Amino acid sequence: MKLLILKTMQAVRRHRFSVIALVCVLAAFCAFSQDITFSGSAKTSVGVFIRGDNAGDFSSAKETVSGEVDARFANCTVFIAGNAYFNALAANSGGSFSVADGLGAELQEAYFTWTSNEFAKGLTAGLKIGRQITAWGKADGIRIADILCPQNLSSLGTANYSESRLGIDAVKATFSGTYFSADAYWIPFFRPSALPLESWNPIRKALIPSPAGVEVVLGDISKPELNIANSSYAARVSFWFPAIDFSLYGYYGFDDSPNLSYEPGAMPPPKITVTGKYYRYGMAGFDLAVPAGAFVIRAESAFFIERALQLGQTSLGGYKRKNELRALAGIDWNKNGWMLTAQYYGDVVFAYVDSLARDAYEHGTTANFSKTLFSDTLTLSCTGLVRWNDLDGFAGLKVKYNLTDEISLLLAFDGYFPGPKSDGTYGKYKDLSCVRFEGTVKF
């Protein structure tokens with residue numbers, strides 16, 4: 001056991017060293033580049049819960065400074081993006097205010113790209129190495145085939161679904177032409193979704209319920225060992241023509257969310273220890289988009305092979321491997337500053353068993369409406385989602401005003417609503433309904 005721990009610690013140190021070395025190489029490349037651009041922003045976010053036991057408490061209180069460096073030389077590019085932040089909720093989590101506990105930083109992307117000169121009637125080849133964010137699929141705000149990048153699920157303050165993506169440390173090879181592009185990914189380092197596991201995080205109660213009178217202890221959420229055998233692999237082939245765009249996807253690797261297990265302890269007092277583990281699965285999917293005047297018709301589907309699905313708490317957690325199919329159909333309309341998106345999605349598990357922590361078939365509808373006014377300085381938007389299994393849902397309202405091209409203000413409401421008979425998937429977050437204010441300065 002000691003030898004295993006020592007090898008794991010050495011692997012982690014090597015991984016950290018490789019990331020630091022990569023950043024140093026990228027920085028050196030930037031120093032010798034002929035074309036360098038820098039941009040960034042500073043954002044303040046303050047939110048308040050408005051419902052239930054949390055009413056009146058702060059949902060967010062965060063200051064974030066972000067920056068991007070884009071350096072180009074010949075056929076090569078270096079891109080670095082990251083942020084530093086101060087989270088007042090984390091700083092106040094220990095019973096006394098600590099500035100050090102609230103400070104943090106994140107490397108969002110840091111990659112090197114090379115693109116060949118054109119050859120053979122428009123064909124090119126390329127290589128991207130490092131931490132990178134890639135969006136898969138054409139769904140709006142719902143994960144169907146978009147499983148390549150993990151998500152930041154630890155915060156309610158993420159402005160939209162696209163901003164919740166986390167970068168993967170990967171090598172991407174690209175071969176493209178006039179009407180197509182083919183990508184192949186090798187992902188040697190596993191990166192999970194960020195979960196709200198901190199004691200101060202109000203979302204933790206929804207992920208890990210704490211029954212009255214029962215002590216809940218967070219145990220080990222074990223990640224795959226850092227070795228070549230635990231690499232993940234992915235591929236995408238995209239085609240775009242005047243009448244249709246479509247893509248094919250494939251993935252074999254680890255799920256970015258863990259399966260949880262609940263271990264009751266000796267009584268009294270009652271105690272439950274929560275542990276977790278990540279498992280492999282395969283996925284094959286596609287998407288397409290067809291323009292029709294002011295409308296765009298979209299479709300997307302993904303078939304998950306032998307995915308480890310979570311069992312309910314009554315079974316003390318764990319998993320069963322099942323095949324799963326997700327699909328979505330949507331339509332977009334955009335004209336004169338008006339934008340409307342509507343989608344229907346379905347998610348079915350084959351060979352379903354009652355012990356799973358979900359229904360055999362889950363489905364819902366989403367709608368998004370927005371309108372720009374006053375020369376695009378004011379944007380009004382409304383987002384809604386209804387899950388038909390329990391009639392629970394989500395509603396979001398946003399008002400964004402651009403004082404200048406660099407300064408903007410945002411007032412938002414996020415509401416979670418239970419169904420008439422049960423909370424459902426979204427209703428369990430009902431006490432996390434909140435309003436928030438954001439101010440952003442770009443530079």
# chains A, B, ... in the order shown; residues from 1 in each chain; ligands from 1
>>> residues_around(residues="Pro224 in chain A", least_positions_apart="6", cutoff="8 Å", atoms="only C-alpha atoms", output="PDB file with N, CA, C and O atoms, in the first residue's frame")
ATOM      1  N   PHE A 190      -6.955  12.396 -16.848  1.00  0.00           N
ATOM      2  CA  PHE A 190      -8.380  12.492 -16.543  1.00  0.00           C
ATOM      3  C   PHE A 190      -8.664  13.767 -15.747  1.00  0.00           C
ATOM      4  O   PHE A 190      -7.957  14.094 -14.788  1.00  0.00           O
ATOM      5  N   ASN A 230      -5.010   4.336 -18.608  1.00  0.00           N
ATOM      6  CA  ASN A 230      -6.250   5.024 -18.249  1.00  0.00           C
ATOM      7  C   ASN A 230      -6.515   6.243 -19.126  1.00  0.00           C
ATOM      8  O   ASN A 230      -7.255   7.141 -18.750  1.00  0.00           O
ATOM      9  N   TYR A 278     -15.097   6.745 -10.510  1.00  0.00           N
ATOM     10  CA  TYR A 278     -15.380   7.049 -11.907  1.00  0.00           C
ATOM     11  C   TYR A 278     -15.199   5.779 -12.756  1.00  0.00           C
ATOM     12  O   TYR A 278     -14.274   5.003 -12.530  1.00  0.00           O
TER      13      TYR A 278
END
>>> residues_around(residues="Val290 in chain A", least_positions_apart="5", cutoff="7 Å", atoms="only C-alpha atoms", output="PyMOL selection string")
chain A and resi 243-245+296-298
>>> select_by_dssp(residues="range 36-160 of chain A", states="helix (DSSP H, G or I)", output="number ranges by chain")
A: 52-54, 88-91, 99-102
>>> residues_around(residues="range 39-42 of chain A", least_positions_apart="4", cutoff="9 Å", atoms="only C-alpha atoms", output="compact mmCIF listing (two decimals) with N, CA and C atoms, in the first residue's frame")
# COMPACT_ATOMS: atom_id res chain seq x y z
N GLU A 63 -15.33 37.96 -6.78
CA GLU A 63 -14.62 38.88 -7.66
C GLU A 63 -13.68 38.06 -8.53
N THR A 64 -13.73 38.26 -9.84
CA THR A 64 -12.93 37.47 -10.76
C THR A 64 -12.21 38.38 -11.76
N VAL A 65 -10.92 38.14 -11.93
CA VAL A 65 -10.12 38.82 -12.96
C VAL A 65 -9.63 37.77 -13.93
N SER A 66 -9.98 37.90 -15.21
CA SER A 66 -9.62 36.93 -16.24
C SER A 66 -8.72 37.58 -17.28
N GLY A 67 -7.86 36.76 -17.88
CA GLY A 67 -6.97 37.26 -18.92
C GLY A 67 -6.69 36.21 -19.97
N GLU A 68 -6.44 36.67 -21.20
CA GLU A 68 -6.11 35.79 -22.32
C GLU A 68 -4.92 36.36 -23.08
N VAL A 69 -4.00 35.50 -23.48
CA VAL A 69 -2.86 35.86 -24.31
C VAL A 69 -2.89 34.98 -25.55
N ASP A 70 -2.86 35.62 -26.73
CA ASP A 70 -2.88 34.90 -28.01
C ASP A 70 -1.65 35.35 -28.79
N ALA A 81 -5.31 31.15 -21.27
CA ALA A 81 -6.44 31.83 -20.64
C ALA A 81 -6.57 31.33 -19.20
N GLU A 406 -17.14 48.23 -23.31
CA GLU A 406 -16.30 47.54 -22.33
C GLU A 406 -17.00 47.29 -20.99
N GLY A 439 -21.46 42.86 -12.60
CA GLY A 439 -20.88 43.98 -13.33
C GLY A 439 -19.56 43.53 -13.94
N THR A 440 -19.37 43.79 -15.23
CA THR A 440 -18.19 43.32 -15.96
C THR A 440 -17.51 44.48 -16.68
N VAL A 441 -16.20 44.54 -16.56
CA VAL A 441 -15.38 45.50 -17.29
C VAL A 441 -14.39 44.72 -18.13
N LYS A 442 -14.40 44.94 -19.45
CA LYS A 442 -13.46 44.28 -20.36
C LYS A 442 -12.30 45.21 -20.70
N PHE A 443 -11.15 44.62 -20.86
CA PHE A 443 -9.98 45.43 -21.22
C PHE A 443 -9.09 44.67 -22.19
>>> residues_around(residues="Ala91 in chain A", least_positions_apart="2", cutoff="12 Å", atoms="only C-alpha atoms", output="JSON, numbers by chain")
{"A": [60, 61, 62, 85, 86, 87, 88, 89, 93, 94, 95, 96, 97, 98, 99, 100, 101, 102, 103, 104, 198, 199, 200, 201]}
>>> residues_around(residues="range 335-341 of chain A", least_positions_apart="6", cutoff="6 Å", atoms="only C-alpha atoms", output="PyMOL selection string")
chain A and resi 367-372
>>> closest_residue(among="A:Ala357, A:Ile36, A:Ala302, A:Leu260", to="Ile147 in chain A", atoms="only C-alpha atoms")
A:Ala302
>>> closest_residue(among="A:Gly47, A:Gly427, A:Gly126, A:Gly137", to="Leu288 in chain A", atoms="only C-alpha atoms")
A:Gly137
